[in-house]
Amino acid sequence: MEVFLKALALVADPQVMLVMVLSAIFGLFVGAIPGLTATMATALLVPVTFFMPPVPALAAIVTATAMAIFAGDIPGAMLRMPGTPASAAYADESYQMARRGQLTLNLGVNLVFSVAGGLVGVAFLILAAPHLAEAALNFSSFEYFWLALLGLSSATLIATGDRTKAFLSMLIGLGLGCVGIDPMAGHPRFTYGQVDLMAGISMIPTMIGAFALSELLRTSAETSAPLAPIGEKIGQLFRGVGEVARKYWVNFLRGSLLGTAIGALPGAGADIAAWMAYATARRFSREPEKFGTGHVEGVTESTAANNAALGGAWIPALVFGIPGDSITAIVIGVLYMKGMNPGPSVFLQNPQFIDAVFIVFVLANLMMLPFGYLAIRGAQQLLRVPRGMLIPMILLFCTVGSFAMTNSAYGIVLMLIFGLVGWWFEDHGIPVAPLILGLVLGELLEQSFMSSLIKADGSLLPFFSRPIAGVLGVITLTVWGVVLLGGLRNLLQTERAATP
Amino acid sequence: MRFHPLLLGSFFIALGLVYYALTLSFPAMPGQRFGPELFPRIMATGIVLCGALIAWKGRRQPGPWLERSPALRGRALVSFLLLPAAVGLYLWAADVVGFLPVAAFVVAALAWWFGERLWRAALLGVLGAMLVQWFFGQLMRVPLPRGVFMQWVEALF
């Protein structure tokens, strides 16, 4: 109780409140504009939060991302262009609803179900995280090794698209993580006398490049025709939402739970949660033929799922330091920078910060109601902001933000390199998120692997001898086995089909 | 610049081999069987294998070895190249000239290229650079380069 009151005092600070309001506006803006993603918003926020104490820094990120994930629904309905990838699953359905004159209902449903779904995700975060942290207190290097490996593997194997390319991206990220001083022997690797490289590949400029600059490069090549949102006047936003809630409460519950679970899975975030929830809604619907014509059922389930996933993603991030999605990958970087190394120790040493994060999550989701309402009202003007003004300003923020992380041109150079690499990767169907995941988890994976190997004196048997390590090891190897067998079978089938 | 899968896979095989080769100079950890070279070598092996798999799976795909990405033609290509060029210009000039003028110029030039009218682009450049200077420079105390411009401003006032 004392810890909770301390946390409440931390959050009730006017600076935190101001930061939350400004981040909400920022998040709504970034989320509502197609081409700007929630991950990009987080990456751009990091240089700003660098100079803040831990609670306002985390509050900024939590609020901005919660708002951005909801705000992506607005252009989805008005323009058929999702504002963020998390809204892509039901953007078409929302647009069809808008074309049938149900724009107001769609936006009202999106708002209310996003808030409610987000709160479910947070509830699970608050309930599960402390218990998992207690279990994690007994973890040794063996458990952390399997956990990090399982987290990395599930991130690449859940990825849509070519798994080989996702795996390759992850390995490159892990390889890049080896640049710098070796964690076990203290030997400089791949540094070539460069002082900057001895500190390793700086995470934040790399993320800004890979997520923000690469997206800008993609957007810059598109036509600069101004966007033309559906002109229907937005009426009473909450009218009809109650009836939808009464009719589709099962969808809401299923979407929120599924979203939380998928968010908690390392590497799978709000976008995958939304796609899976939409598919589940159609699968279990009594009126599946209506999907695609402007039917609200799919929207209720997916819009709750993507906001729930945000809370779920923080569970492995806070407890194990393993990101649940790309946003929490960035958050982990921020936590390290603030000296709040994620893991069970932060629950022991700074429980008031953890409670403060929980409180901020609840507040951010509640704030979504008034802020989202205003964003919807202002959306038709917002969507007319010309690209010509956005692109240069975002580029400037990326450049200065990267500079701020290293106080030298090194940050800017990293941003530039990984912006181009990120763009080139995505052009070849190689996802960039596993690379960042590899970079974030590389040190944890190598350190736990090498210390376990040294403890086991080179033998692999002790990796399975502890009960939790054994279970995690078997799960990881089973997952690998299933995927490798499936991949091998596909390969053989394609070869057989190709040879006459 | 889009690579044919065979070329792409070969590129990553080469990358993995180079990465492995670079670990050959790492010293052993005294008293231990495995040293700083183990983890990078495992990664390098994985990269080579993935590259081989990509090349193998895509070897029958029709198409040229190298082709320009279809989206990057004409004006779109210039738009694309302008962004890294702008960052390059900033890297080259900001330290000497100063943050404010270089940032203002870059923002204004890009805004104009992406369709804004000249006066609006110029206004955005100046206001945008000043906003960033205030936010990052004054508020966050980031040491943005002062350059010749700030010396000149200070001499004037």
# chains A, B, ... in the order shown; residues from 1 in each chain; ligands from 1

$ closest_atom_pairs --of "chain A" --to "chain B" --cutoff "8 Å" --atoms "only C-alpha atoms" --output "Markdown table"
| residue | atom | partner | partner_atom | distance |
| --- | --- | --- | --- | --- |
| A:Val48 | CA | B:Met140 | CA | 7.3 |
| A:Phe51 | CA | B:Met140 | CA | 6.3 |
| A:Thr164 | CA | B:Cys50 | CA | 6.2 |
| A:Lys165 | CA | B:Cys50 | CA | 7.4 |
| A:Phe167 | CA | B:Cys50 | CA | 7.6 |
| A:Leu168 | CA | B:Cys50 | CA | 5.9 |
| A:Leu171 | CA | B:Met43 | CA | 5.8 |
| A:Ile172 | CA | B:Ile47 | CA | 7.2 |
| A:Leu174 | CA | B:Met43 | CA | 7.1 |
| A:Gly175 | CA | B:Met43 | CA | 6.0 |
| A:Cys178 | CA | B:Pro40 | CA | 6.7 |
| A:Asp182 | CA | B:Pro36 | CA | 6.2 |
| A:Met184 | CA | B:Pro36 | CA | 7.3 |
| A:Ala185 | CA | B:Met29 | CA | 6.2 |
| A:His187 | CA | B:Pro36 | CA | 7.1 |
| A:Arg189 | CA | B:Phe26 | CA | 7.7 |
| A:Phe190 | CA | B:Leu22 | CA | 7.7 |
| A:Leu217 | CA | B:Phe80 | CA | 5.7 |
| A:Arg218 | CA | B:Phe80 | CA | 7.6 |
| A:Ser220 | CA | B:Phe80 | CA | 5.7 |
| A:Ala221 | CA | B:Ala76 | CA | 4.4 |
| A:Glu222 | CA | B:Ala76 | CA | 6.7 |
| A:Thr223 | CA | B:Ala76 | CA | 7.7 |
| A:Ser224 | CA | B:Phe114 | CA | 7.1 |
| A:Arg387 | CA | B:Phe114 | CA | 7.2 |
| A:Gly388 | CA | B:Phe114 | CA | 4.5 |
| A:Met389 | CA | B:Ala111 | CA | 5.6 |
| A:Ile391 | CA | B:Ala111 | CA | 7.6 |
| A:Pro392 | CA | B:Val107 | CA | 5.0 |
| A:Met393 | CA | B:Val107 | CA | 6.6 |
| A:Leu395 | CA | B:Leu83 | CA | 7.7 |
| A:Leu396 | CA | B:Ala103 | CA | 7.2 |
| A:Phe397 | CA | B:Val132 | CA | 7.6 |
| A:Thr399 | CA | B:Val87 | CA | 7.2 |
| A:Val400 | CA | B:Phe136 | CA | 7.8 |
| A:Ala404 | CA | B:Val142 | CA | 5.9 |
| A:Asn407 | CA | B:Pro143 | CA | 7.0 |
| A:Ala409 | CA | B:Leu91 | CA | 6.9 |
| A:Ile412 | CA | B:Leu91 | CA | 7.7 |
| A:Leu416 | CA | B:Pro84 | CA | 6.8 |
| A:Trp424 | CA | B:Met1 | CA | 7.9 |
| A:Asp427 | CA | B:Arg2 | CA | 7.3 |
| A:His428 | CA | B:Arg2 | CA | 6.9 |
| A:Glu446 | CA | B:Phe39 | CA | 6.6 |
| A:Ile454 | CA | B:Gln32 | CA | 7.5 |
| A:Gly458 | CA | B:Arg33 | CA | 7.3 |
| A:Leu491 | CA | B:Lys57 | CA | 7.6 |

$ select_by_dssp --residues "chain B" --states "strand (DSSP E or B)" --output "PyMOL selection string"
chain B and resi 2-3+66-67

$ residues_around --residues "Val148 (chain B)" --least-positions-apart "4" --cutoff "9 Å" --atoms "only C-alpha atoms" --output "ChimeraX atom specification"
/B:95-98,152-153

$ write_last_selection --atoms "N, CA and C atoms" --output "PDB file, in the first residue's frame"
ATOM      1  N   ASP B  95      28.611  21.596 -38.423  1.00  0.00           N
ATOM      2  CA  ASP B  95      29.664  21.925 -37.444  1.00  0.00           C
ATOM      3  C   ASP B  95      30.322  23.253 -37.766  1.00  0.00           C
ATOM      4  N   VAL B  96      30.575  23.490 -39.038  1.00  0.00           N
ATOM      5  CA  VAL B  96      31.297  24.698 -39.445  1.00  0.00           C
ATOM      6  C   VAL B  96      30.356  25.895 -39.498  1.00  0.00           C
ATOM      7  N   VAL B  97      29.232  25.712 -40.200  1.00  0.00           N
ATOM      8  CA  VAL B  97      28.336  26.850 -40.438  1.00  0.00           C
ATOM      9  C   VAL B  97      27.453  27.113 -39.213  1.00  0.00           C
ATOM     10  N   GLY B  98      26.988  26.059 -38.570  1.00  0.00           N
ATOM     11  CA  GLY B  98      26.090  26.227 -37.423  1.00  0.00           C
ATOM     12  C   GLY B  98      24.794  25.478 -37.673  1.00  0.00           C
ATOM     13  N   TRP B 152      28.771  34.966 -35.422  1.00  0.00           N
ATOM     14  CA  TRP B 152      28.395  36.172 -36.167  1.00  0.00           C
ATOM     15  C   TRP B 152      27.220  36.875 -35.488  1.00  0.00           C
ATOM     16  N   VAL B 153      26.234  36.088 -35.051  1.00  0.00           N
ATOM     17  CA  VAL B 153      25.067  36.656 -34.362  1.00  0.00           C
ATOM     18  C   VAL B 153      25.487  37.341 -33.072  1.00  0.00           C
TER      19      VAL B 153
END

$ decode --residues "region 44-63 of chain A" --atoms "C-alpha atoms" --output "PDB file, in the first residue's frame"
ATOM      1  CA  LEU A  44      11.299   9.845 -31.974  1.00  0.00           C
ATOM      2  CA  LEU A  45      10.254  10.318 -28.336  1.00  0.00           C
ATOM      3  CA  VAL A  46      13.329   8.634 -26.890  1.00  0.00           C
ATOM      4  CA  PRO A  47      15.780  11.526 -27.357  1.00  0.00           C
ATOM      5  CA  VAL A  48      13.204  13.767 -25.692  1.00  0.00           C
ATOM      6  CA  THR A  49      12.660  11.415 -22.750  1.00  0.00           C
ATOM      7  CA  PHE A  50      16.411  10.915 -22.373  1.00  0.00           C
ATOM      8  CA  PHE A  51      16.566  14.087 -20.324  1.00  0.00           C
ATOM      9  CA  MET A  52      13.577  13.334 -18.130  1.00  0.00           C
ATOM     10  CA  PRO A  53      13.410  11.358 -14.885  1.00  0.00           C
ATOM     11  CA  PRO A  54      12.148   7.767 -15.271  1.00  0.00           C
ATOM     12  CA  VAL A  55       8.451   8.256 -14.488  1.00  0.00           C
ATOM     13  CA  PRO A  56       7.675  11.092 -16.939  1.00  0.00           C
ATOM     14  CA  ALA A  57       9.851   9.372 -19.562  1.00  0.00           C
ATOM     15  CA  LEU A  58       7.879   6.128 -19.350  1.00  0.00           C
ATOM     16  CA  ALA A  59       4.597   8.032 -19.013  1.00  0.00           C
ATOM     17  CA  ALA A  60       5.358   9.821 -22.276  1.00  0.00           C
ATOM     18  CA  ILE A  61       5.962   6.587 -24.145  1.00  0.00           C
ATOM     19  CA  VAL A  62       2.967   4.738 -22.679  1.00  0.00           C
ATOM     20  CA  THR A  63       0.581   7.607 -23.423  1.00  0.00           C
TER      21      THR A  63
END
